[in-house]
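Asker: Before I ask anything, let me first share the structure, which is written out below as structure tokens.
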Amino acid sequence: MLRVKGLRVEVEGHEVLHGIGMHLPVGEVHALLGPNGSGKTTLIMAIMGFERYKVTRGHILFKGEDVTHLPLYERARRGMGLAFQRPPVVRGVKTRQLVEMCAGVEDVDVDAIARELHCEEFLDRDVNLGFSGGEIKRSELVQLTAQDPDLVLLDEPESGVDLENVALLGSAINRLLERELEPKRDESLKERKIKRRKSALVITHTGHILDYVVADRGHVLMDGHIVCSGNPKEILRTVEKFGYEECARCLR
């Protein structure tokens, strides 16, 4: 689904990512962990194609195509979708209108999508205007569900959200990623993975979202480098016990 090769990214003339390499197979969910300021948001913004995040070296391959220099809207058309950590307020545009635009089809049942995330009451309010933290995150997922992307990029979906909303968001993310499909009798985990066509890269600082969305692999990003990859739960346990300084020792 996604392959990042030797990616170097500058923001306002300052290099933030120093040669990132990553492989995200079809049907897998990867968690991206790291301390604040390590470059996690920069990575997914560069993958999505925001102009502020300038790729100076390396390549981004999406479904086998080099999209390194494609504009953001072309990546969205090809099947990339992003949920922001702190999305902006958009005055004069109703949430319903934005969801309809994300879907790109006239017969989308916006109310049914919103109902699953308990969002019906603010469909006809300006986008994110006066929304609580949980409402903003649910609205972002309504938009992503309507878009139905193949690659889902989530920037700290649990940030600023209470535990009840984290559970609701986790359930919606699992539906979006086809992880709530009932397995057939005698069906192996490998066979179930083959059926999934959607992948996700989830940034998490606390790891709370991983109690609800199972990640297949975890990566730790520090000082613009991926310093380790492996079982996300094991990585979290290490960070909780020793802090990211343990990862920094590996980096050194």
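Residue names in the structure tokens use chain letters A, B, ... in the order shown, residue numbers from 1 in each chain, and ligand numbers from 1 in the order shown.
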Find the residues around Pro71 (chain A) up to 10 Å (only C-alpha atoms counted), leave out those fewer than 5 positions away in its own chain, and share them as a list of chain:residue names.
Answerer: A:Met48, A:Gly49, A:Phe50, A:Glu51, A:Ala76
Asker: Let's see if you can do this: from backbone DSSP, list all strand (DSSP E or B) residues in region 29-210 of chain A, as a PDB file with N, CA and C atoms, in the first residue's frame.
Answerer:
```
ATOM      1  N   VAL A  29      -2.336  -2.335   9.826  1.00  0.00           N
ATOM      2  CA  VAL A  29      -2.374  -1.092  10.591  1.00  0.00           C
ATOM      3  C   VAL A  29      -1.045  -0.952  11.319  1.00  0.00           C
ATOM      4  N   HIS A  30      -0.375   0.175  11.112  1.00  0.00           N
ATOM      5  CA  HIS A  30       0.877   0.442  11.797  1.00  0.00           C
ATOM      6  C   HIS A  30       0.703   1.640  12.711  1.00  0.00           C
ATOM      7  N   ALA A  31       1.299   1.548  13.901  1.00  0.00           N
ATOM      8  CA  ALA A  31       1.269   2.643  14.864  1.00  0.00           C
ATOM      9  C   ALA A  31       2.600   3.370  14.829  1.00  0.00           C
ATOM     10  N   LEU A  32       2.524   4.704  14.869  1.00  0.00           N
ATOM     11  CA  LEU A  32       3.719   5.535  14.875  1.00  0.00           C
ATOM     12  C   LEU A  32       3.783   6.261  16.215  1.00  0.00           C
ATOM     13  N   LEU A  33       4.794   5.932  17.010  1.00  0.00           N
ATOM     14  CA  LEU A  33       4.950   6.498  18.342  1.00  0.00           C
ATOM     15  C   LEU A  33       6.199   7.366  18.399  1.00  0.00           C
ATOM     16  N   TYR A  53       5.314  20.999   3.800  1.00  0.00           N
ATOM     17  CA  TYR A  53       6.256  19.933   4.139  1.00  0.00           C
ATOM     18  C   TYR A  53       6.988  19.529   2.859  1.00  0.00           C
ATOM     19  N   LYS A  54       8.192  20.075   2.678  1.00  0.00           N
ATOM     20  CA  LYS A  54       8.913  19.949   1.414  1.00  0.00           C
ATOM     21  C   LYS A  54       9.818  18.710   1.423  1.00  0.00           C
ATOM     22  N   VAL A  55       9.561  17.816   0.494  1.00  0.00           N
ATOM     23  CA  VAL A  55      10.404  16.633   0.332  1.00  0.00           C
ATOM     24  C   VAL A  55      11.648  17.043  -0.446  1.00  0.00           C
ATOM     25  N   THR A  56      12.808  16.911   0.178  1.00  0.00           N
ATOM     26  CA  THR A  56      14.065  17.283  -0.470  1.00  0.00           C
ATOM     27  C   THR A  56      14.803  16.084  -1.043  1.00  0.00           C
ATOM     28  N   ARG A  57      14.471  14.897  -0.543  1.00  0.00           N
ATOM     29  CA  ARG A  57      15.116  13.683  -1.041  1.00  0.00           C
ATOM     30  C   ARG A  57      14.244  12.488  -0.674  1.00  0.00           C
ATOM     31  N   GLY A  58      14.334  11.436  -1.485  1.00  0.00           N
ATOM     32  CA  GLY A  58      13.580  10.224  -1.201  1.00  0.00           C
ATOM     33  C   GLY A  58      12.294  10.135  -2.002  1.00  0.00           C
ATOM     34  N   HIS A  59      11.532   9.071  -1.749  1.00  0.00           N
ATOM     35  CA  HIS A  59      10.336   8.786  -2.538  1.00  0.00           C
ATOM     36  C   HIS A  59       9.201   8.281  -1.650  1.00  0.00           C
ATOM     37  N   ILE A  60       7.970   8.591  -2.096  1.00  0.00           N
ATOM     38  CA  ILE A  60       6.748   8.074  -1.484  1.00  0.00           C
ATOM     39  C   ILE A  60       6.018   7.282  -2.556  1.00  0.00           C
ATOM     40  N   LEU A  61       5.878   5.977  -2.353  1.00  0.00           N
ATOM     41  CA  LEU A  61       5.190   5.117  -3.318  1.00  0.00           C
ATOM     42  C   LEU A  61       3.860   4.689  -2.713  1.00  0.00           C
ATOM     43  N   PHE A  62       2.785   4.933  -3.454  1.00  0.00           N
ATOM     44  CA  PHE A  62       1.447   4.577  -3.006  1.00  0.00           C
ATOM     45  C   PHE A  62       0.824   3.629  -4.022  1.00  0.00           C
ATOM     46  N   GLU A  65       2.787   3.396  -7.188  1.00  0.00           N
ATOM     47  CA  GLU A  65       3.009   4.611  -7.979  1.00  0.00           C
ATOM     48  C   GLU A  65       3.801   5.630  -7.164  1.00  0.00           C
ATOM     49  N   ASP A  66       4.779   6.251  -7.804  1.00  0.00           N
ATOM     50  CA  ASP A  66       5.555   7.305  -7.139  1.00  0.00           C
ATOM     51  C   ASP A  66       4.712   8.578  -7.100  1.00  0.00           C
ATOM     52  N   MET A  80      -5.938   8.222  -0.693  1.00  0.00           N
ATOM     53  CA  MET A  80      -5.368   8.583   0.600  1.00  0.00           C
ATOM     54  C   MET A  80      -6.360   9.442   1.369  1.00  0.00           C
ATOM     55  N   GLY A  81      -6.461   9.228   2.673  1.00  0.00           N
ATOM     56  CA  GLY A  81      -7.339  10.040   3.505  1.00  0.00           C
ATOM     57  C   GLY A  81      -6.670  10.352   4.831  1.00  0.00           C
ATOM     58  N   LEU A  82      -6.944  11.538   5.368  1.00  0.00           N
ATOM     59  CA  LEU A  82      -6.283  11.997   6.587  1.00  0.00           C
ATOM     60  C   LEU A  82      -7.292  12.557   7.576  1.00  0.00           C
ATOM     61  N   ALA A  83      -7.134  12.184   8.845  1.00  0.00           N
ATOM     62  CA  ALA A  83      -7.868  12.812   9.939  1.00  0.00           C
ATOM     63  C   ALA A  83      -6.869  13.621  10.750  1.00  0.00           C
ATOM     64  N   VAL A  90     -14.195  25.849   9.796  1.00  0.00           N
ATOM     65  CA  VAL A  90     -14.503  26.350   8.459  1.00  0.00           C
ATOM     66  C   VAL A  90     -15.869  27.033   8.518  1.00  0.00           C
ATOM     67  N   ARG A  91     -15.851  28.342   8.622  1.00  0.00           N
ATOM     68  CA  ARG A  91     -17.096  29.097   8.727  1.00  0.00           C
ATOM     69  C   ARG A  91     -17.780  29.189   7.366  1.00  0.00           C
ATOM     70  N   GLY A  92     -19.099  29.071   7.376  1.00  0.00           N
ATOM     71  CA  GLY A  92     -19.866  29.192   6.142  1.00  0.00           C
ATOM     72  C   GLY A  92     -20.038  27.890   5.382  1.00  0.00           C
ATOM     73  N   VAL A  93     -19.398  26.818   5.860  1.00  0.00           N
ATOM     74  CA  VAL A  93     -19.545  25.493   5.243  1.00  0.00           C
ATOM     75  C   VAL A  93     -20.128  24.558   6.295  1.00  0.00           C
ATOM     76  N   LYS A  94     -21.248  23.960   5.991  1.00  0.00           N
ATOM     77  CA  LYS A  94     -21.883  23.036   6.925  1.00  0.00           C
ATOM     78  C   LYS A  94     -21.179  21.675   6.878  1.00  0.00           C
ATOM     79  N   ASP A 126     -21.709  24.793  11.153  1.00  0.00           N
ATOM     80  CA  ASP A 126     -20.447  25.059  10.463  1.00  0.00           C
ATOM     81  C   ASP A 126     -19.374  24.080  10.930  1.00  0.00           C
ATOM     82  N   VAL A 127     -18.488  23.713  10.026  1.00  0.00           N
ATOM     83  CA  VAL A 127     -17.490  22.678  10.288  1.00  0.00           C
ATOM     84  C   VAL A 127     -16.622  23.054  11.495  1.00  0.00           C
ATOM     85  N   LEU A 151      -5.901   4.140   2.040  1.00  0.00           N
ATOM     86  CA  LEU A 151      -4.884   4.398   3.059  1.00  0.00           C
ATOM     87  C   LEU A 151      -5.416   5.463   4.005  1.00  0.00           C
ATOM     88  N   VAL A 152      -5.525   5.106   5.280  1.00  0.00           N
ATOM     89  CA  VAL A 152      -6.060   6.010   6.296  1.00  0.00           C
ATOM     90  C   VAL A 152      -4.907   6.496   7.172  1.00  0.00           C
ATOM     91  N   LEU A 153      -4.740   7.818   7.245  1.00  0.00           N
ATOM     92  CA  LEU A 153      -3.716   8.437   8.079  1.00  0.00           C
ATOM     93  C   LEU A 153      -4.412   9.127   9.245  1.00  0.00           C
ATOM     94  N   LEU A 154      -4.105   8.718  10.463  1.00  0.00           N
ATOM     95  CA  LEU A 154      -4.778   9.242  11.653  1.00  0.00           C
ATOM     96  C   LEU A 154      -3.751   9.900  12.565  1.00  0.00           C
ATOM     97  N   ASP A 155      -3.931  11.192  12.811  1.00  0.00           N
ATOM     98  CA  ASP A 155      -3.003  11.934  13.658  1.00  0.00           C
ATOM     99  C   ASP A 155      -3.577  12.071  15.065  1.00  0.00           C
ATOM    100  N   SER A 199      -5.421   0.012   4.589  1.00  0.00           N
ATOM    101  CA  SER A 199      -4.297   0.086   5.508  1.00  0.00           C
ATOM    102  C   SER A 199      -4.371   1.400   6.263  1.00  0.00           C
ATOM    103  N   ALA A 200      -3.649   1.460   7.386  1.00  0.00           N
ATOM    104  CA  ALA A 200      -3.666   2.686   8.182  1.00  0.00           C
ATOM    105  C   ALA A 200      -2.335   2.914   8.853  1.00  0.00           C
ATOM    106  N   LEU A 201      -1.979   4.196   8.982  1.00  0.00           N
ATOM    107  CA  LEU A 201      -0.844   4.625   9.787  1.00  0.00           C
ATOM    108  C   LEU A 201      -1.408   5.535  10.862  1.00  0.00           C
ATOM    109  N   VAL A 202      -1.272   5.110  12.118  1.00  0.00           N
ATOM    110  CA  VAL A 202      -1.909   5.799  13.237  1.00  0.00           C
ATOM    111  C   VAL A 202      -0.846   6.400  14.142  1.00  0.00           C
ATOM    112  N   ILE A 203      -0.836   7.729  14.250  1.00  0.00           N
ATOM    113  CA  ILE A 203       0.040   8.391  15.211  1.00  0.00           C
ATOM    114  C   ILE A 203      -0.627   8.335  16.577  1.00  0.00           C
TER     115      ILE A 203
END
```
Asker: Rank nothing, just name the residue among A:Asp162, A:Asp211, A:Glu234, A:Glu240 nearest to Gly134 (chain A), using only C-alpha atoms.
Answerer: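 Closest to Gly134 (chain A) of all the choices is A:Asp162.
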Asker: Which residues are close to Gly224 (chain A), i.e. within 6 Å by only C-alpha atoms, leaving aside same-chain residues fewer than 3 positions away? Reply as a count of residues only.
Answerer: 5
Asker: One number please: CA of Phe122 (chain A) to CA of Asn174 (chain A), in Å, one decimal.
Answerer: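 Result for CA of Phe122 (chain A) versus CA of Asn174 (chain A): 22.9 Å, one decimal.
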Asker: My list of candidates is A:Gly79, A:Gly64, A:Gly104, A:Gly21. Which is closest to Val227 (chain A) when distances are computed with only C-alpha atoms?
Answerer: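 Comparing A:Gly79, A:Gly64, A:Gly104, A:Gly21 against Val227 (chain A), the winner is A:Gly21.
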Asker: Can you check which residues of region 16-220 of chain A DSSP gives as alpha helix (DSSP H) on the backbone and send them as a ChimeraX atom specification?
Answerer: /A:40-48,72-78,95-103,110-116,133-147,163-176,189-195
Asker: Report as a ChimeraX atom specification all protein, DNA and RNA residues lying within 10 Å of Gly230 (chain A), evaluated on only C-alpha atoms, omitting residues in the same chain fewer than 5 positions from it.
Answerer: /A:30-31,216-220,235
Asker: Let's have the selection written as an mmCIF file, in the first residue's frame, with C-alpha atoms.
Answerer:
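Once written, out02.cif looks like this:
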```
data_model
loop_
_atom_site.group_PDB
_atom_site.id
_atom_site.type_symbol
_atom_site.label_atom_id
_atom_site.label_comp_id
_atom_site.auth_asym_id
_atom_site.auth_seq_id
_atom_site.Cartn_x
_atom_site.Cartn_y
_atom_site.Cartn_z
ATOM 1 C CA HIS A 30 0.877 0.442 11.797
ATOM 2 C CA ALA A 31 1.269 2.643 14.864
ATOM 3 C CA ASP A 216 0.066 -5.078 13.373
ATOM 4 C CA ARG A 217 3.368 -3.237 13.790
ATOM 5 C CA GLY A 218 4.743 -0.263 15.678
ATOM 6 C CA HIS A 219 7.478 2.250 14.849
ATOM 7 C CA VAL A 220 9.226 4.749 17.123
ATOM 8 C CA ILE A 235 7.142 -0.972 22.466
#
```
Asker: What's the separation between CA of Asn36 (chain A) and CA of His205 (chain A), in Å to one decimal place?
Answerer: 7.8 Å
Asker: Taking 2 positions as the minimum chain separation for residues in the same chain, which residues sit within 7 Å of Ala146 (chain A) when counting only C-alpha atoms? Answer as an mmCIF file with C-alpha atoms, in the first residue's frame.
Answerer:
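Output saved as result_11.cif:
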```cif
data_model
loop_
_atom_site.group_PDB
_atom_site.id
_atom_site.type_symbol
_atom_site.label_atom_id
_atom_site.label_comp_id
_atom_site.auth_asym_id
_atom_site.auth_seq_id
_atom_site.Cartn_x
_atom_site.Cartn_y
_atom_site.Cartn_z
ATOM 1 C CA VAL A 99 -19.205 15.111 4.101
ATOM 2 C CA CYS A 102 -15.770 13.892 0.669
ATOM 3 C CA ALA A 103 -18.060 11.166 -0.679
ATOM 4 C CA VAL A 142 -17.537 10.816 9.375
ATOM 5 C CA GLN A 143 -15.691 12.613 6.576
ATOM 6 C CA LEU A 144 -13.179 9.764 6.200
ATOM 7 C CA ASP A 148 -13.697 5.608 1.935
#
```
Asker: Please measure the separation of CA of Thr206 (chain A) and CA of Glu12 (chain A), giving the value in Å to one decimal.
Answerer: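 Between CA of Thr206 (chain A) and CA of Glu12 (chain A) the gap works out to 28.0 Å.
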Asker: Go through A:Pro157, A:Pro35, A:Pro232, A:Pro25 one by one, measure the shortest atom-to-atom distance of each to Gly133 (chain A) using only C-alpha atoms, and give the residue with the smallest value.
Answerer: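 Counting only C-alpha atoms, the residue closest to Gly133 (chain A) is A:Pro157.
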Asker: Give me, as a list in words, all polymer residues having an atom no more than 7 Å from Glu158 (chain A), counting only C-alpha atoms and skipping those fewer than 6 positions away in the same chain.
Answerer: Val166, His208 and Ile209 of chain A
